[in-house]
file entry07.tsv (TSV, C-alpha atoms)
chain	number	residue	atom	x	y	z
A	23	MET	CA	-1.47	20.29	12.01
A	24	SER	CA	1.01	23.18	11.86
A	25	ALA	CA	2.51	21.99	15.17
A	26	VAL	CA	2.93	18.49	13.78
A	27	GLN	CA	4.62	19.83	10.65
A	28	ALA	CA	6.98	21.92	12.78
A	29	ILE	CA	7.98	18.90	14.90
A	30	VAL	CA	8.56	16.68	11.87
A	31	SER	CA	10.53	19.38	10.05
A	32	SER	CA	12.77	20.17	13.01
A	33	PHE	CA	13.79	16.54	13.40
A	34	GLY	CA	14.16	16.17	9.64
A	35	ASP	CA	16.61	19.06	9.53
A	36	MET	CA	18.77	17.23	12.09
A	37	SER	CA	18.80	14.06	9.93
A	38	ASP	CA	17.09	12.33	12.83
A	39	PRO	CA	13.43	11.77	11.82
A	40	VAL	CA	11.00	11.76	14.72
A	41	ARG	CA	9.44	8.35	15.30
A	42	SER	CA	7.29	8.81	18.39
A	43	LEU	CA	6.45	11.09	21.31
A	44	ASN	CA	4.92	10.42	24.71
A	45	VAL	CA	2.70	13.22	25.98
A	46	GLY	CA	1.03	12.32	29.26
A	47	GLN	CA	-1.04	9.19	28.59
A	48	GLN	CA	-0.81	9.71	24.84
A	49	THR	CA	1.57	7.86	22.55
A	50	ILE	CA	2.06	9.70	19.26
A	51	VAL	CA	3.69	7.75	16.43
A	52	PHE	CA	4.92	9.22	13.14
A	53	TYR	CA	5.32	7.34	9.89
A	54	THR	CA	7.10	8.98	6.96
A	55	ASN	CA	7.01	7.52	3.47
A	56	GLY	CA	7.99	9.67	0.51
A	57	PRO	CA	6.27	13.05	0.71
A	58	LEU	CA	3.60	11.90	3.20
A	59	TYR	CA	3.73	12.16	6.99
A	60	LEU	CA	1.17	10.06	8.86
A	61	LEU	CA	0.44	10.29	12.56
A	62	ALA	CA	-1.37	8.04	15.04
A	63	ALA	CA	-2.23	8.94	18.65
A	64	SER	CA	-3.34	6.44	21.27
A	65	ASP	CA	-4.11	6.63	24.98
A	66	ARG	CA	-4.41	2.84	25.41
A	67	GLY	CA	-0.72	2.07	25.72
A	68	ASP	CA	-0.48	0.63	22.19
A	69	PRO	CA	3.08	-0.38	21.27
A	70	GLU	CA	4.84	1.96	18.86
A	71	GLU	CA	5.46	-0.84	16.36
A	72	LEU	CA	1.76	-1.72	16.28
A	73	LEU	CA	0.67	1.84	15.54
A	74	ARG	CA	3.34	2.20	12.88
A	75	ASN	CA	2.20	-1.00	11.16
A	76	GLU	CA	-1.34	0.38	11.03
A	77	LEU	CA	-0.09	3.65	9.56
A	78	GLN	CA	1.75	1.67	6.89
A	79	LEU	CA	-1.50	0.01	5.87
A	80	LEU	CA	-3.28	3.37	5.78
A	81	HIS	CA	-0.46	4.69	3.59
A	82	SER	CA	-0.94	1.71	1.27
A	83	GLN	CA	-4.63	2.55	0.98
A	84	ILE	CA	-3.75	6.13	-0.05
A	85	VAL	CA	-1.20	4.86	-2.58
A	86	SER	CA	-3.81	2.45	-3.97
A	87	ILE	CA	-5.91	5.48	-4.87
A	88	LEU	CA	-3.15	7.70	-6.32
A	89	THR	CA	0.08	5.66	-6.93
A	90	ARG	CA	3.44	6.59	-5.45
A	91	ALA	CA	4.53	8.12	-8.75
A	92	GLN	CA	1.63	10.59	-8.73
A	93	LEU	CA	2.19	11.49	-5.08
A	94	THR	CA	5.88	12.17	-5.66
A	95	ARG	CA	5.24	14.26	-8.76
A	96	ILE	CA	2.55	16.39	-7.07
A	97	PHE	CA	4.68	17.29	-4.04
A	98	GLU	CA	7.78	17.91	-6.13
A	99	GLN	CA	5.77	20.55	-7.99
A	100	ARG	CA	3.94	21.97	-4.96
A	101	SER	CA	5.32	21.03	-1.55
A	102	SER	CA	2.32	22.62	0.24
A	103	PHE	CA	-0.31	20.86	-1.88
A	104	ASP	CA	-3.51	19.90	0.02
A	105	LEU	CA	-3.86	16.18	-0.70
A	106	ARG	CA	-7.55	16.26	0.20
A	107	GLN	CA	-8.22	17.75	-3.24
A	108	LEU	CA	-7.24	14.44	-4.83
A	109	LEU	CA	-8.73	12.18	-2.14
A	110	GLY	CA	-12.17	13.77	-2.36
A	111	GLY	CA	-14.86	11.08	-2.53
A	112	THR	CA	-12.62	8.42	-0.98
A	113	GLU	CA	-13.08	9.53	2.65
A	114	GLY	CA	-15.45	6.62	3.25
A	115	ILE	CA	-12.79	4.12	2.18
A	116	LEU	CA	-10.14	5.62	4.47
A	117	ASP	CA	-12.51	6.07	7.43
A	118	GLN	CA	-13.71	2.49	7.08
A	119	LEU	CA	-10.13	1.19	7.17
A	120	VAL	CA	-9.30	3.19	10.31
A	121	ASP	CA	-12.42	1.86	12.05
A	122	ARG	CA	-11.58	-1.71	11.07
A	123	LEU	CA	-7.99	-1.46	12.26
A	124	ASP	CA	-9.32	-0.70	15.74
A	125	VAL	CA	-11.40	-3.88	16.09
A	126	ASP	CA	-10.20	-6.38	13.47
A	127	PHE	CA	-7.13	-8.42	14.37
A	128	GLY	CA	-6.96	-9.81	10.83
A	129	PHE	CA	-4.98	-6.84	9.51
A	130	ALA	CA	-2.27	-7.36	12.12
A	131	LEU	CA	-2.01	-11.03	11.13
A	132	GLY	CA	-1.02	-10.10	7.58
A	133	SER	CA	-3.22	-12.82	6.10
A	134	LEU	CA	-6.60	-13.16	4.40
A	135	ASP	CA	-9.83	-13.75	6.27
A	136	THR	CA	-11.93	-16.52	4.70
A	137	LEU	CA	-15.64	-17.24	4.64
A	138	TRP	CA	-16.66	-20.51	6.29
A	139	MET	CA	-18.61	-22.55	3.74
A	140	ARG	CA	-18.92	-26.06	2.38
A	141	TYR	CA	-15.86	-27.11	0.42
A	142	GLN	CA	-17.94	-28.44	-2.51
A	143	LEU	CA	-19.72	-25.09	-2.95
A	144	ARG	CA	-16.46	-23.10	-2.77
A	145	GLU	CA	-14.83	-25.41	-5.32
A	146	ARG	CA	-17.74	-25.13	-7.77
A	147	ILE	CA	-17.74	-21.33	-7.53
A	148	GLY	CA	-13.99	-21.19	-8.19
A	149	LYS	CA	-14.24	-23.54	-11.18
A	150	THR	CA	-17.14	-21.52	-12.60
A	151	VAL	CA	-15.18	-18.25	-12.42
A	152	LEU	CA	-12.09	-19.92	-13.95
A	153	ALA	CA	-14.12	-21.41	-16.81
A	154	ARG	CA	-15.50	-17.96	-17.70
A	155	ARG	CA	-12.14	-16.14	-17.51
A	156	PRO	CA	-11.59	-13.81	-20.49
A	157	ARG	CA	-8.03	-13.38	-21.73
A	158	GLU	CA	-7.92	-9.83	-20.29
A	159	LEU	CA	-8.46	-11.08	-16.72
A	160	LEU	CA	-5.46	-11.32	-14.36
A	161	TYR	CA	-7.15	-12.01	-11.02
A	162	ALA	CA	-10.70	-12.79	-9.94
A	163	MET	CA	-11.96	-12.76	-6.37
A	164	VAL	CA	-15.30	-13.49	-4.76
A	165	VAL	CA	-15.53	-11.50	-1.52
A	166	SER	CA	-18.05	-11.05	1.28
A	167	ASP	CA	-17.39	-8.32	3.87
A	168	MET	CA	-13.58	-8.63	3.75
A	169	LYS	CA	-13.83	-12.45	3.72
A	170	LEU	CA	-12.45	-14.36	0.75
A	171	VAL	CA	-14.71	-16.97	-0.86
A	172	THR	CA	-12.40	-17.95	-3.71
A	173	LEU	CA	-9.56	-16.57	-5.79
A	174	VAL	CA	-8.47	-17.18	-9.41
A	175	ARG	CA	-4.88	-16.19	-10.19
A	176	PRO	CA	-1.94	-16.87	-12.53
A	177	ARG	CA	-0.19	-20.09	-11.64
A	178	LYS	CA	3.16	-18.41	-10.98
A	179	HIS	CA	2.04	-15.27	-9.20
A	180	SER	CA	-0.16	-14.19	-6.30
A	181	LEU	CA	-0.99	-10.77	-4.90
A	182	HIS	CA	0.40	-9.82	-1.49
A	183	PRO	CA	-2.16	-9.99	1.37
A	184	ALA	CA	-1.56	-6.28	2.12
A	185	ASP	CA	-2.62	-5.42	-1.45
A	186	LEU	CA	-5.72	-7.56	-1.09
A	187	HIS	CA	-6.56	-5.92	2.26
A	188	VAL	CA	-6.73	-2.48	0.66
A	189	LEU	CA	-8.63	-3.86	-2.35
A	190	PHE	CA	-11.21	-5.67	-0.20
A	191	ASN	CA	-11.60	-2.63	2.04
A	192	MET	CA	-12.40	-0.61	-1.08
A	193	ALA	CA	-14.72	-3.23	-2.59
A	194	THR	CA	-16.77	-3.57	0.59
A	195	CYS	CA	-17.28	0.19	0.95
A	196	ARG	CA	-20.91	1.28	0.68
A	197	VAL	CA	-20.35	3.27	-2.51
A	198	PHE	CA	-19.71	0.01	-4.43
A	199	ALA	CA	-22.78	-1.81	-3.09
A	200	SER	CA	-24.92	-1.32	-6.21
A	201	GLY	CA	-24.30	-1.25	-9.95
A	202	GLU	CA	-21.09	-1.99	-11.83
A	203	HIS	CA	-17.88	-0.10	-11.04
A	204	TRP	CA	-14.70	0.31	-13.07
A	205	THR	CA	-11.86	1.97	-11.22
A	206	PRO	CA	-8.05	2.20	-11.40
A	207	VAL	CA	-6.33	0.70	-8.36
A	208	CYS	CA	-2.64	0.72	-7.49
A	209	PHE	CA	-1.35	-2.39	-5.72
A	210	PRO	CA	1.64	-1.05	-3.73
A	211	ARG	CA	3.34	-4.40	-3.14
A	212	PHE	CA	2.81	-5.41	-6.78
A	213	ASN	CA	3.80	-2.12	-8.45
A	214	ASP	CA	3.42	1.19	-6.63
A	215	GLN	CA	4.16	3.24	-9.76
A	216	GLY	CA	1.05	2.45	-11.80
A	217	PHE	CA	-2.51	1.21	-11.89
A	218	LEU	CA	-4.29	-2.00	-12.64
A	219	HIS	CA	-7.99	-1.74	-13.46
A	220	VAL	CA	-10.65	-3.27	-11.25
A	221	TYR	CA	-14.25	-4.23	-11.99
A	222	ILE	CA	-16.47	-4.50	-8.90
A	223	SER	CA	-20.06	-5.71	-8.90
A	224	TYR	CA	-22.19	-7.39	-6.26
A	225	VAL	CA	-23.64	-10.66	-7.57
A	226	THR	CA	-25.83	-11.03	-4.46
A	227	PRO	CA	-26.69	-8.45	-1.79
A	228	ARG	CA	-23.75	-9.70	0.32
A	229	VAL	CA	-21.19	-10.99	-2.18
A	230	ALA	CA	-18.99	-9.04	-4.60
A	231	LEU	CA	-17.21	-10.25	-7.70
A	232	VAL	CA	-13.88	-8.41	-8.06
A	233	LEU	CA	-12.06	-8.72	-11.40
A	234	VAL	CA	-8.60	-7.29	-12.06
A	235	SER	CA	-7.10	-6.50	-15.47
A	236	ALA	CA	-4.05	-4.68	-16.83
A	237	ASP	CA	-6.13	-3.51	-19.81
A	238	ARG	CA	-7.91	-0.21	-19.18
A	239	ASP	CA	-10.30	-0.97	-22.05
A	240	SER	CA	-11.48	-4.35	-20.78
A	241	PHE	CA	-14.63	-3.20	-18.93
A	242	ALA	CA	-16.97	-4.78	-21.50
A	243	ALA	CA	-15.14	-8.13	-21.40
A	244	LEU	CA	-15.20	-8.23	-17.60
A	245	ALA	CA	-18.86	-7.17	-17.46
A	246	GLN	CA	-19.66	-10.03	-19.81
A	247	CYS	CA	-17.63	-12.38	-17.61
A	248	ARG	CA	-19.75	-11.29	-14.63
A	249	ALA	CA	-22.97	-11.97	-16.58
A	250	HIS	CA	-21.78	-15.46	-17.57
A	251	VAL	CA	-20.65	-16.29	-14.03
A	252	CYS	CA	-24.01	-15.22	-12.57
A	253	GLU	CA	-25.86	-17.22	-15.21
A	254	ASP	CA	-23.84	-20.34	-14.43
A	255	LEU	CA	-24.12	-19.92	-10.64
A	256	ALA	CA	-27.89	-19.50	-10.90
A	257	HIS	CA	-28.12	-23.19	-11.75
A	258	ASP	CA	-28.65	-25.50	-8.77
A	259	ASP	CA	-29.31	-22.39	-6.63
A	260	MET	CA	-25.56	-21.84	-6.17
A	261	LEU	CA	-25.99	-18.07	-6.04
A	262	GLN	CA	-28.59	-18.40	-3.32
A	263	ARG	CA	-26.45	-20.89	-1.41
A	264	LEU	CA	-23.51	-18.50	-1.68
A	265	ASP	CA	-25.59	-15.63	-0.33
A	266	ASP	CA	-26.90	-17.84	2.49
A	267	ALA	CA	-23.31	-18.69	3.47
A	268	ALA	CA	-22.40	-15.00	3.45
A	269	ALA	CA	-25.46	-14.15	5.57
A	270	GLN	CA	-24.33	-16.40	8.40
A	271	ARG	CA	-22.50	-14.71	11.20
A	272	ALA	CA	-18.99	-15.84	12.10
A	273	LEU	CA	-18.88	-19.09	14.03
A	274	HIS	CA	-19.79	-18.80	17.71
A	275	PRO	CA	-17.25	-20.37	20.11
A	276	ARG	CA	-19.90	-22.82	21.35
A	277	GLU	CA	-20.21	-24.20	17.80
A	278	LEU	CA	-16.73	-25.63	18.29
A	279	GLY	CA	-18.19	-27.70	21.12
A	280	MET	CA	-15.72	-26.43	23.72
A	281	ARG	CA	-16.85	-24.63	26.83
A	282	GLY	CA	-14.68	-21.82	28.11
A	283	VAL	CA	-13.54	-20.32	24.78
A	284	LEU	CA	-14.57	-16.66	24.58
A	285	GLN	CA	-13.07	-16.02	21.12
A	286	LEU	CA	-10.21	-17.21	18.93
A	287	TYR	CA	-8.24	-16.53	15.77
A	288	TYR	CA	-6.33	-19.16	13.81
A	289	ARG	CA	-3.79	-18.30	11.11
A	290	ASP	CA	-2.50	-20.90	8.65
A	291	LYS	CA	1.08	-19.89	7.84
A	292	VAL	CA	1.27	-21.96	4.65
A	293	LEU	CA	-1.98	-20.72	3.11
A	294	VAL	CA	-1.52	-17.20	4.60
A	295	GLN	CA	-5.20	-17.28	5.57
A	296	HIS	CA	-7.02	-17.02	8.88
A	297	PHE	CA	-10.42	-17.31	10.44
A	298	GLY	CA	-11.85	-15.95	13.67
A	299	THR	CA	-14.92	-16.76	15.71
A	300	ARG	CA	-17.20	-14.08	17.00
A	301	PHE	CA	-17.09	-13.25	20.70
A	302	ALA	CA	-19.11	-15.12	23.28
A	303	ASP	CA	-22.34	-13.34	24.18
A	304	SER	CA	-21.01	-12.46	27.64
A	305	VAL	CA	-18.14	-10.34	26.24
A	306	ALA	CA	-19.01	-6.64	26.10
A	307	ASP	CA	-17.67	-4.26	23.44
A	308	GLU	CA	-14.95	-2.72	25.62
A	309	GLN	CA	-13.72	-6.15	26.68
A	310	GLN	CA	-13.61	-7.17	23.00
A	311	ARG	CA	-11.31	-4.23	22.25
A	312	ARG	CA	-9.07	-5.15	25.20
A	313	ILE	CA	-8.81	-8.74	23.98
A	314	VAL	CA	-7.97	-7.73	20.40
A	315	ASN	CA	-5.38	-5.29	21.72
A	316	ALA	CA	-3.90	-8.07	23.87
A	317	TYR	CA	-3.66	-10.34	20.81
A	318	LYS	CA	-1.69	-7.65	18.98
A	319	ARG	CA	0.66	-7.16	21.91
A	320	LEU	CA	1.28	-10.88	22.38
A	321	ARG	CA	1.98	-11.34	18.68
A	322	LEU	CA	4.63	-8.61	18.80
A	323	HIS	CA	6.04	-10.06	22.02
A	324	MET	CA	6.41	-13.56	20.54
A	325	ALA	CA	8.51	-12.20	17.67
A	326	SER	CA	10.54	-9.65	19.64
A	327	GLY	CA	13.27	-11.90	21.04
A	328	GLN	CA	16.22	-13.50	19.30
A	329	LYS	CA	14.43	-16.84	19.58
A	330	PRO	CA	10.67	-16.66	18.84
A	331	LEU	CA	8.49	-17.79	21.73
A	332	ARG	CA	6.09	-20.68	21.22
A	333	ILE	CA	3.44	-20.01	23.87
A	334	VAL	CA	2.65	-16.79	25.71
A	335	TYR	CA	-0.37	-16.11	27.89
A	336	CYS	CA	-1.66	-13.34	30.10
A	337	ARG	CA	-4.10	-13.99	32.96
A	338	ARG	CA	-6.50	-11.18	33.78
A	339	SER	CA	-9.59	-10.85	35.93
A	340	PHE	CA	-12.05	-11.21	33.04
A	341	GLU	CA	-10.16	-13.57	30.74
A	342	THR	CA	-6.90	-15.33	29.99
A	343	VAL	CA	-5.44	-14.36	26.62
A	344	LEU	CA	-3.16	-16.90	24.96
A	345	ALA	CA	-0.91	-16.86	21.88
A	346	TRP	CA	0.48	-20.12	20.51
A	347	GLN	CA	2.57	-20.58	17.36
A	348	SER	CA	4.36	-23.35	15.49
A	349	SER	CA	5.96	-23.59	12.07
A	350	ALA	CA	2.50	-24.24	10.59
A	351	PHE	CA	0.08	-21.99	12.48
A	352	GLU	CA	-0.60	-19.15	14.89
A	353	LEU	CA	-3.48	-19.35	17.36
A	354	TYR	CA	-4.83	-16.58	19.60
A	355	ALA	CA	-7.57	-17.31	22.10
A	356	ALA	CA	-9.43	-15.65	24.93
A	357	ILE	CA	-10.38	-18.17	27.62
A	358	ALA	CA	-12.74	-17.82	30.57
A	359	PRO	CA	-10.73	-16.80	33.67
A	360	GLU	CA	-11.84	-19.78	35.78
A	361	ILE	CA	-10.14	-22.26	33.41
A	362	SER	CA	-6.83	-23.51	34.79
A	363	VAL	CA	-3.66	-23.36	32.70
A	364	LYS	CA	-3.62	-27.16	32.37
A	365	ASN	CA	-7.22	-27.27	31.16
A	366	MET	CA	-6.60	-24.27	28.91
A	367	ILE	CA	-3.87	-26.18	27.06
A	368	ARG	CA	-6.21	-29.17	26.72
A	369	LEU	CA	-8.90	-26.87	25.39
A	370	VAL	CA	-6.60	-25.32	22.80
A	371	ASN	CA	-5.40	-28.74	21.66
A	372	ALA	CA	-9.04	-29.73	21.16
A	373	VAL	CA	-9.54	-26.56	19.10
A	374	LEU	CA	-6.56	-27.49	16.91
A	375	GLU	CA	-8.06	-30.95	16.33
A	376	TRP	CA	-11.38	-29.37	15.33
A	377	ILE	CA	-9.65	-26.99	12.89
A	378	LYS	CA	-7.78	-29.89	11.29
A	379	LYS	CA	-11.09	-31.67	10.62
A	380	GLU	CA	-12.77	-28.52	9.27
A	381	GLU	CA	-9.83	-27.19	7.24
A	382	ASP	CA	-11.46	-27.68	3.83
A	383	HIS	CA	-14.49	-25.64	4.92
A	384	LEU	CA	-12.55	-22.94	6.76
A	385	PHE	CA	-9.95	-22.08	4.11
A	386	VAL	CA	-9.43	-21.69	0.38
A	387	VAL	CA	-7.24	-24.78	0.14
A	388	ASN	CA	-7.01	-25.26	-3.64
A	389	ALA	CA	-7.44	-21.87	-5.29
A	390	PRO	CA	-8.01	-22.20	-9.05
A	391	SER	CA	-5.14	-21.01	-11.24
A	392	TYR	CA	-4.37	-20.76	-14.93
call {"tool": "encode", "arguments": {"input": "entry07.tsv", "output": "structure tokens"}}
result
Amino acid sequence: MSAVQAIVSSFGDMSDPVRSLNVGQQTIVFYTNGPLYLLAASDRGDPEELLRNELQLLHSQIVSILTRAQLTRIFEQRSSFDLRQLLGGTEGILDQLVDRLDVDFGFALGSLDTLWMRYQLRERIGKTVLARRPRELLYAMVVSDMKLVTLVRPRKHSLHPADLHVLFNMATCRVFASGEHWTPVCFPRFNDQGFLHVYISYVTPRVALVLVSADRDSFAALAQCRAHVCEDLAHDDMLQRLDDAAAQRALHPRELGMRGVLQLYYRDKVLVQHFGTRFADSVADEQQRRIVNAYKRLRLHMASGQKPLRIVYCRRSFETVLAWQSSAFELYAAIAPEISVKNMIRLVNAVLEWIKKEEDHLFVVNAPSY
């Protein structure tokens, strides 16, 4: 670490902050924000911009725990302060985020992953939470393993997806899996200078209720809200049906009824939500990482020119990876290598037709508001 500090300081003294270094096969990227210096190293040829985006999200997770105001004040008083003293107990949250960034394309999409479930069940859950909203409640979310079930929010305001990513990563950490939790959380895109207060409790073994308030003394009101919501959802077995939906694995490509699709992600630009299938059984772990990395590269490539590209694909020996965007959506797919380009386009068009039919079940289309 002393070598890293020396490099960063030397460039800082020249008013030319270091952004990246190439050392052999390693790409080392630096991200500086306020008093913090973050570093990422990769030997997979990851683009600099990609690594920096991931460091920004990691920085947001740290700010969510401490606030920018607290970070600035600490390092103004003691420039050599060991930040680990304040982050003690949160290592699991940070480690979990780093692991997810490596394999989950959803963070790079900048949108919310959603749980596939019947529209009628999602709507009833949302209405139940809205009906039991105490006056202290700002936002309410039902979440299963980083996947959004429903969201209740003020009519004229919504939280930024990046803020929800760090919140969901925290809520799905093992330490929150049992009991009721009341914790201050900073939402960097909302206000990085202070905290909101978050109640987290799992209403089933797989599904968490996350309630957000500006009132630090509202724990009792939010705990009562949770009790009422659970009581209401217990009728007609809605809680069990919710847990059953959460227990299902992500859709398999064959469930779309289209042979040749190894995996895909679809992002709705209007809703700022996405869903992804799981990988075909024939795709090994290392190939999965290569495909996700290819998605990230193609997404950067589509946006890098003066005029955004509409379709980009890359043919490789084990798969063809395609990126397709319009004003309404982004689609990323891995296709079996034996499929011709012509048939690949037909296949993707069929996927788009299927998504249009299933939209109400795939996404949170009409989130309750007040």
call {"tool": "residues_around", "arguments": {"input": "entry07.tsv", "residues": "Thr112 of chain A", "least_positions_apart": "3", "cutoff": "12 Å", "atoms": "only C-alpha atoms", "output": "list in words"}}
result
Gln83, Ile84, Ser86, Ile87, Leu88, Leu105, Arg106, Gln107, Leu108, Leu109, Ile115, Leu116, Asp117, Gln118, Leu119, Asn191, Met192, Ala193, Cys195, Arg196, Val197 and Phe198 of chain A
call {"tool": "write_last_selection", "arguments": {"input": "entry07.tsv", "atoms": "C-alpha atoms", "output": "compact mmCIF listing (two decimals), in the frame of the given file"}}
result
# COMPACT_ATOMS: atom_id res chain seq x y z
CA GLN A 83 -4.63 2.55 0.98
CA ILE A 84 -3.75 6.13 -0.05
CA SER A 86 -3.81 2.45 -3.97
CA ILE A 87 -5.91 5.48 -4.87
CA LEU A 88 -3.15 7.70 -6.32
CA LEU A 105 -3.86 16.18 -0.70
CA ARG A 106 -7.55 16.26 0.20
CA GLN A 107 -8.22 17.75 -3.24
CA LEU A 108 -7.24 14.44 -4.83
CA LEU A 109 -8.73 12.18 -2.14
CA ILE A 115 -12.79 4.12 2.18
CA LEU A 116 -10.14 5.62 4.47
CA ASP A 117 -12.51 6.07 7.43
CA GLN A 118 -13.71 2.49 7.08
CA LEU A 119 -10.13 1.19 7.17
CA ASN A 191 -11.60 -2.63 2.04
CA MET A 192 -12.40 -0.61 -1.08
CA ALA A 193 -14.72 -3.23 -2.59
CA CYS A 195 -17.28 0.19 0.95
CA ARG A 196 -20.91 1.28 0.68
CA VAL A 197 -20.35 3.27 -2.51
CA PHE A 198 -19.71 0.01 -4.43
call {"tool": "closest_residue", "arguments": {"input": "entry07.tsv", "among": "A:Thr172, A:Gln47, A:Thr226, A:Thr299", "to": "Gly128 of chain A", "atoms": "all atoms listed in the file"}}
result
A:Thr299
call {"tool": "residues_around", "arguments": {"input": "entry07.tsv", "residues": "Arg146 of chain A", "least_positions_apart": "6", "cutoff": "10 Å", "atoms": "all atoms listed in the file", "output": "list in words"}}
result
Leu152, Thr172, Leu255 and Met260 of chain A
call {"tool": "closest_residue", "arguments": {"input": "entry07.tsv", "among": "A:His187, A:Arg238, A:Arg95, A:Lys379", "to": "Trp204 of chain A", "atoms": "all atoms listed in the file"}}
result
A:Arg238
call {"tool": "closest_residue", "arguments": {"input": "entry07.tsv", "among": "A:Ser180, A:Gln295, A:Thr342, A:Ser326", "to": "Leu134 of chain A", "atoms": "all atoms listed in the file"}}
result
A:Gln295
call {"tool": "residues_around", "arguments": {"input": "entry07.tsv", "residues": "Asp237 of chain A", "least_positions_apart": "3", "cutoff": "9 Å", "atoms": "all atoms listed in the file", "output": "list in words"}}
result
Glu158, Leu159, Leu218, His219, Val234, Ser240 and Phe241 of chain A
call {"tool": "write_last_selection", "arguments": {"input": "entry07.tsv", "atoms": "C-alpha atoms", "output": "compact mmCIF listing (two decimals), in the coordinates of the input"}}
result
# COMPACT_ATOMS: atom_id res chain seq x y z
CA GLU A 158 -7.92 -9.83 -20.29
CA LEU A 159 -8.46 -11.08 -16.72
CA LEU A 218 -4.29 -2.00 -12.64
CA HIS A 219 -7.99 -1.74 -13.46
CA VAL A 234 -8.60 -7.29 -12.06
CA SER A 240 -11.48 -4.35 -20.78
CA PHE A 241 -14.63 -3.20 -18.93
call {"tool": "residues_around", "arguments": {"input": "entry07.tsv", "residues": "Phe103 of chain A", "least_positions_apart": "6", "cutoff": "12 Å", "atoms": "only C-alpha atoms", "output": "list in words"}}
result
Pro57, Leu58, Leu93, Thr94, Arg95, Ile96 and Phe97 of chain A
call {"tool": "closest_residue", "arguments": {"input": "entry07.tsv", "among": "A:Leu160, A:Arg321, A:Ala269, A:His250", "to": "Arg177 of chain A", "atoms": "all atoms listed in the file"}}
result
A:Leu160
call {"tool": "atom_distance", "arguments": {"input": "entry07.tsv", "atom1": "atom CA of Pro275 of chain A", "atom2": "atom CA of Phe385 of chain A"}}
result
17.7 Å
call {"tool": "residues_around", "arguments": {"input": "entry07.tsv", "residues": "Gly67 of chain A", "least_positions_apart": "3", "cutoff": "9 Å", "atoms": "all atoms listed in the file", "output": "list in words"}}
result
Gln47, Gln48, Thr49, Ser64 and Glu70 of chain A
call {"tool": "closest_residue", "arguments": {"input": "entry07.tsv", "among": "A:Arg311, A:Ala153, A:Met168, A:His323", "to": "Cys247 of chain A", "atoms": "all atoms listed in the file"}}
result
A:Ala153
call {"tool": "closest_residue", "arguments": {"input": "entry07.tsv", "among": "A:Val120, A:Val251, A:Val370, A:Leu353", "to": "Met324 of chain A", "atoms": "all atoms listed in the file"}}
result
A:Leu353
call {"tool": "atom_distance", "arguments": {"input": "entry07.tsv", "atom1": "atom CA of Arg263 of chain A", "atom2": "atom CA of Glu380 of chain A"}}
result
19.0 Å
call {"tool": "atom_distance", "arguments": {"input": "entry07.tsv", "atom1": "atom CA of Lys364 of chain A", "atom2": "atom CA of Trp376 of chain A"}}
result
18.9 Å
call {"tool": "axis_aligned_box", "arguments": {"input": "entry07.tsv", "around": "segment 186-202 of chain A", "padding_each_side": "4 Å", "output": "AutoDock Vina command-line options"}}
result
--center_x -15.3 --center_y -2.1 --center_z -4.8 --size_x 27.2 --size_y 18.8 --size_z 22.1
